[in-house]
Each structure stands twice: as C-alpha cells, then as structure tokens.
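Okay, so here's the structure we're looking at.
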Amino acid sequence: MSPPHNTQPSLLTFPGETFGYYGRTKAHDNVSKVGPWMVQNVLILGGPTFLAATVYMMLSRYITALGARDHAMIAPRWITRIYVLIDVICFASQFLGAGIQASGDPKVIDIGNKAILAGLIFQLVAFTFFVLMAIRVHTGLNRQHEVYTAVPSRWPASRKYFWGLYVVSVLFIVRNLVRAIEYAQQMGGGGISYATKNKDGTITMPKKDGHSSIGSKEIFLYIFDAAPMALVSLTFLLLHPGRMLKAVGVGNGERLLEMETGITMLGKS
C-alpha cells in the first residue's frame, strides 16, 4: 500500500536538511561568505517544520481510523487544520527570522532572533498540548478496550503506533527546547556574538569572548538537532502510519480524507 497522500509533506524535510548541512560544510570552508551561512541557517532551522506537519496529521487519522472521536479533545478534522496553521506560523517566523539576519544590521538581527525564539516557543507549547491530546485518546481507548474485552478490537495492535507518536513528539520537544535556549542565550548576551557584514558582501567573524553556550559549540547542533530529526525519520520507517491505517481497513489517502471530514464512515474492520 502506498502511504496516505497527506503524509507527503515530510518528504520536503530531507532535501531541506540535506542542503542545510551542505551549506554548513561550505560555510566551514569559507566563513566570510554570506550565502552558505544563510543556506545552513535557514534550512536547518526551518526544515523540521515540514516533518512536524506530518506528526500533527497522524493523530487525527489515528482517531478517525480507530473510531475514537469520543475521546478526542478536538474534532479530528480540526486537529489537522489548527496544527497545520500553527506549523505555517512557526515556519514563517523561523524562516523569515533567520533570513533577515543576513542584513548585518544589529537591530534587524535582534528582531530576527526574537522571531525565531517566538516560533520555537510557540511550536514547543503546541507539541506539549499535542502530546496531552494523544495521551487522552490513548487512555480512553485503553479503558474502552478493558470494558469491551469480548468484542474484537483494532486497538491492541495499534498501541505501538501511539508510542511511536510519543517518541517523535518528545524528540521534537527536546530539539525545540534546546534551540529555544540557544536563541535565548543569544538574546541575553551570553550566547554567540554575531558576525558583521562588510560593504563588499563578506562577513567578519567575531572574536572569541570566552562565553560558553549552546550556539558556540557545534557538537550541540548535531546532538540536539541532527540526531533527533534522524531518529524521527527512523521512527517513521519502523512505525509508518500507513501500516496501521492499512491494518484497520483504510485503503488510501482519499478514503481517509473522506472519513476525516465525515463524508463516509469506516466500512470494514
């Protein structure tokens, strides 16, 4: 079975992050060029929002497929709409915030830094509430299964997909929390110092000031950003939502969209 069409936004993450780290290697080779620095700054920061959109869509589809609307805090069709809107806002704030930092103007850089931090915090809060919604559905289905143990249920085989949802959500929360602390340190003056843009288009890197922060240690980027996003992708490979939807009788993406909007009901177990 091909994956539901609505899981495809995650495909945009891979070229985005790949080119982001490619830009980082080019920036390492020549730190005075603005282009590679911008590529890595924008794509590494903004790329994961596309993967987050896939995570947001998963819960509504699980609720619909398992007939768990009664346990949901928000109607499934609204979960996707609300959270995709949140994701667009977060992406815009992080993308634009990172982009305008190329101006070299300290005031503009400060505005961009605040926009990035706001987007990271907003996404962090959204993911926390998202996990709480998933836990409510999970516990409701557990209680329902205990009461109707004699009735055939799709729930026991589906539990692992909820645990997969928790894993990817926690990875995003950790990633966003660390990145938020990084940008908060920069705003507070305890983080990295910004490079200055020269008239000829090159940049001059700041002198070392002795401050130790998340942003000043490259290893933290790989531990708390690259590694978590790689683990999210691995989790999707091991527990792809399409497998669970196939197991409970959802044939394809269009059928699932119909179910989610209430046009048709799930026809078979």
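For the structure tokens, the naming scheme is as follows: chains receive sequential letters (A, B, ...) according to their order of presentation, residues are indexed from 1 within each chain, and ligands are indexed from 1 in presentation order.
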Next on the checklist: Among range 13-249 of chain A, which ones does DSSP assign to strand (DSSP E or B) (computed from the backbone)? Answer as a PyMOL selection string.
Outcome noted: chain A and resi 33+196-197+202-204
Can you write out as CSV which residues of range 91-160 of chain A fall within 10 Å of range 42-59 of chain A, alongside each residue's closest atom pair and its distance in Å to one decimal, counting only C-alpha atoms and ordering rows by chain and ascending residue number?
```
residue,atom,partner,partner_atom,distance
A:Phe91,CA,A:Gly46,CA,5.8
A:Ala92,CA,A:Gly46,CA,8.4
A:Ser93,CA,A:Gly46,CA,9.1
A:Gln94,CA,A:Gly46,CA,6.0
A:Phe95,CA,A:Val42,CA,5.7
A:Leu96,CA,A:Val42,CA,8.3
A:Gly97,CA,A:Val42,CA,8.6
A:Ala98,CA,A:Val42,CA,5.5
A:Gly99,CA,A:Val42,CA,6.4
A:Ile100,CA,A:Val42,CA,10.0
A:Gln101,CA,A:Val42,CA,9.9
A:Ile116,CA,A:Leu45,CA,8.9
A:Leu120,CA,A:Leu45,CA,9.6
A:Gln123,CA,A:Thr49,CA,9.0
A:Ala126,CA,A:Tyr56,CA,9.8
A:Phe127,CA,A:Tyr56,CA,8.6
A:Phe130,CA,A:Tyr56,CA,7.8
A:Val131,CA,A:Leu59,CA,9.5
A:Met133,CA,A:Leu59,CA,8.7
A:Ala134,CA,A:Leu59,CA,6.8
A:Val137,CA,A:Leu59,CA,9.1
```
If you keep N, CA, C and O atoms, can you produce a file of those selected residues as an mmCIF file, in the first residue's frame?
```cif
data_model
loop_
_atom_site.group_PDB
_atom_site.id
_atom_site.type_symbol
_atom_site.label_atom_id
_atom_site.label_comp_id
_atom_site.auth_asym_id
_atom_site.auth_seq_id
_atom_site.Cartn_x
_atom_site.Cartn_y
_atom_site.Cartn_z
ATOM 1 N N PHE A 91 6.921 28.028 10.868
ATOM 2 C CA PHE A 91 7.874 28.022 9.751
ATOM 3 C C PHE A 91 8.161 29.446 9.294
ATOM 4 O O PHE A 91 9.328 29.811 9.061
ATOM 5 N N ALA A 92 7.115 30.259 9.164
ATOM 6 C CA ALA A 92 7.299 31.635 8.697
ATOM 7 C C ALA A 92 8.171 32.425 9.659
ATOM 8 O O ALA A 92 9.079 33.168 9.235
ATOM 9 N N SER A 93 7.931 32.280 10.957
ATOM 10 C CA SER A 93 8.707 33.040 11.934
ATOM 11 C C SER A 93 10.170 32.622 11.933
ATOM 12 O O SER A 93 11.077 33.462 12.000
ATOM 13 N N GLN A 94 10.420 31.316 11.817
ATOM 14 C CA GLN A 94 11.800 30.826 11.831
ATOM 15 C C GLN A 94 12.508 31.117 10.506
ATOM 16 O O GLN A 94 13.671 31.516 10.489
ATOM 17 N N PHE A 95 11.802 30.930 9.395
ATOM 18 C CA PHE A 95 12.392 31.166 8.082
ATOM 19 C C PHE A 95 12.721 32.645 7.890
ATOM 20 O O PHE A 95 13.840 33.006 7.514
ATOM 21 N N LEU A 96 11.739 33.509 8.175
ATOM 22 C CA LEU A 96 11.963 34.942 7.999
ATOM 23 C C LEU A 96 12.955 35.471 9.032
ATOM 24 O O LEU A 96 13.794 36.322 8.724
ATOM 25 N N GLY A 97 12.853 34.961 10.266
ATOM 26 C CA GLY A 97 13.769 35.402 11.311
ATOM 27 C C GLY A 97 15.209 35.088 10.973
ATOM 28 O O GLY A 97 16.111 35.904 11.186
ATOM 29 N N ALA A 98 15.433 33.897 10.409
ATOM 30 C CA ALA A 98 16.792 33.512 10.014
ATOM 31 C C ALA A 98 17.233 34.279 8.776
ATOM 32 O O ALA A 98 18.394 34.678 8.643
ATOM 33 N N GLY A 99 16.275 34.524 7.858
ATOM 34 C CA GLY A 99 16.617 35.186 6.608
ATOM 35 C C GLY A 99 17.058 36.632 6.778
ATOM 36 O O GLY A 99 18.038 37.066 6.170
ATOM 37 N N ILE A 100 16.350 37.367 7.610
ATOM 38 C CA ILE A 100 16.673 38.794 7.739
ATOM 39 C C ILE A 100 17.961 39.033 8.516
ATOM 40 O O ILE A 100 18.499 40.146 8.500
ATOM 41 N N GLN A 101 18.495 37.997 9.155
ATOM 42 C CA GLN A 101 19.749 38.165 9.874
ATOM 43 C C GLN A 101 20.928 38.389 8.934
ATOM 44 O O GLN A 101 21.991 38.810 9.364
ATOM 45 N N ILE A 116 12.606 34.098 15.691
ATOM 46 C CA ILE A 116 12.970 32.674 15.745
ATOM 47 C C ILE A 116 12.616 32.092 17.108
ATOM 48 O O ILE A 116 12.024 31.008 17.211
ATOM 49 N N LEU A 120 9.963 29.059 17.960
ATOM 50 C CA LEU A 120 10.376 27.835 18.653
ATOM 51 C C LEU A 120 9.543 27.599 19.910
ATOM 52 O O LEU A 120 9.127 26.464 20.191
ATOM 53 N N GLN A 123 5.966 26.550 18.911
ATOM 54 C CA GLN A 123 5.933 25.154 18.481
ATOM 55 C C GLN A 123 6.125 24.211 19.669
ATOM 56 O O GLN A 123 5.529 23.128 19.720
ATOM 57 N N ALA A 126 2.814 24.060 21.410
ATOM 58 C CA ALA A 126 1.873 23.302 20.572
ATOM 59 C C ALA A 126 2.132 21.806 20.676
ATOM 60 O O ALA A 126 1.187 21.005 20.785
ATOM 61 N N PHE A 127 3.389 21.402 20.658
ATOM 62 C CA PHE A 127 3.717 19.976 20.753
ATOM 63 C C PHE A 127 3.356 19.419 22.124
ATOM 64 O O PHE A 127 2.915 18.267 22.244
ATOM 65 N N PHE A 130 -0.236 18.874 22.112
ATOM 66 C CA PHE A 130 -0.482 17.761 21.190
ATOM 67 C C PHE A 130 -0.280 16.425 21.905
ATOM 68 O O PHE A 130 -1.089 15.502 21.748
ATOM 69 N N VAL A 131 0.787 16.305 22.673
ATOM 70 C CA VAL A 131 1.052 15.065 23.414
ATOM 71 C C VAL A 131 -0.055 14.805 24.427
ATOM 72 O O VAL A 131 -0.499 13.665 24.608
ATOM 73 N N MET A 133 -3.174 15.686 24.168
ATOM 74 C CA MET A 133 -4.338 15.197 23.419
ATOM 75 C C MET A 133 -4.168 13.726 23.070
ATOM 76 O O MET A 133 -5.125 12.937 23.165
ATOM 77 N N ALA A 134 -2.960 13.353 22.651
ATOM 78 C CA ALA A 134 -2.703 11.949 22.287
ATOM 79 C C ALA A 134 -2.851 11.041 23.507
ATOM 80 O O ALA A 134 -3.409 9.939 23.405
ATOM 81 N N VAL A 137 -6.544 10.380 24.242
ATOM 82 C CA VAL A 137 -7.110 9.385 23.332
ATOM 83 C C VAL A 137 -6.599 7.986 23.686
ATOM 84 O O VAL A 137 -7.368 7.018 23.722
#
```
Item to check | Atom pair CA of Tyr166 in chain A / CA of His240 in chain A: separation (Å) | outcome: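 That distance, rounded to one decimal, is 13.5 Å.
Within 12 Å of range 18-21 of chain A, once only C-alpha atoms are used and residues closer than 4 positions along the same chain are dropped, the contacting residues are Leu11, Leu12, Thr13, Phe14, Thr25, Lys26, Ala27, His28, Gly35, Pro36, Trp37, Met38, Val39, Gln40, Asn41, Val42, Leu43, Ile44, Leu45, Gly46, Gly47, Pro48, Leu221, Tyr222, Asp225, Ala226, Met229 and Ala230 of chain A.
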Item to check | 12 Å contact set for Val174 in chain A, only C-alpha atoms, chain neighbours under 4 positions out, as a ChimeraX atom specification | outcome: /A:120-121,123-125,127-128,167-170,178-181,223-229,232
Checklist entry - Nearest to Gly242 in chain A: which of A:Val84, A:Leu132, A:Ser158, A:Lys33 is it, counting only C-alpha atoms? => result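 Ranking A:Val84, A:Leu132, A:Ser158, A:Lys33 by distance to Gly242 in chain A, first place goes to A:Ser158.
Shortest atom-to-atom contact with Val88 in chain A among A:Gln186, A:Leu177, A:Gly119, A:Arg143: A:Gly119, counting only C-alpha atoms.
Atom to atom, CA of Leu234 in chain A and CA of Asn142 in chain A stand 26.5 Å apart.
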Next on the checklist: DSSP on the backbone: which residues in range 43-257 of chain A end up as alpha helix (DSSP H)? Give the answer as a ChimeraX atom specification.
Outcome noted: /A:43-46,48-65,76-99,106-147,155-187,218-221,227-238,241-247,253-257
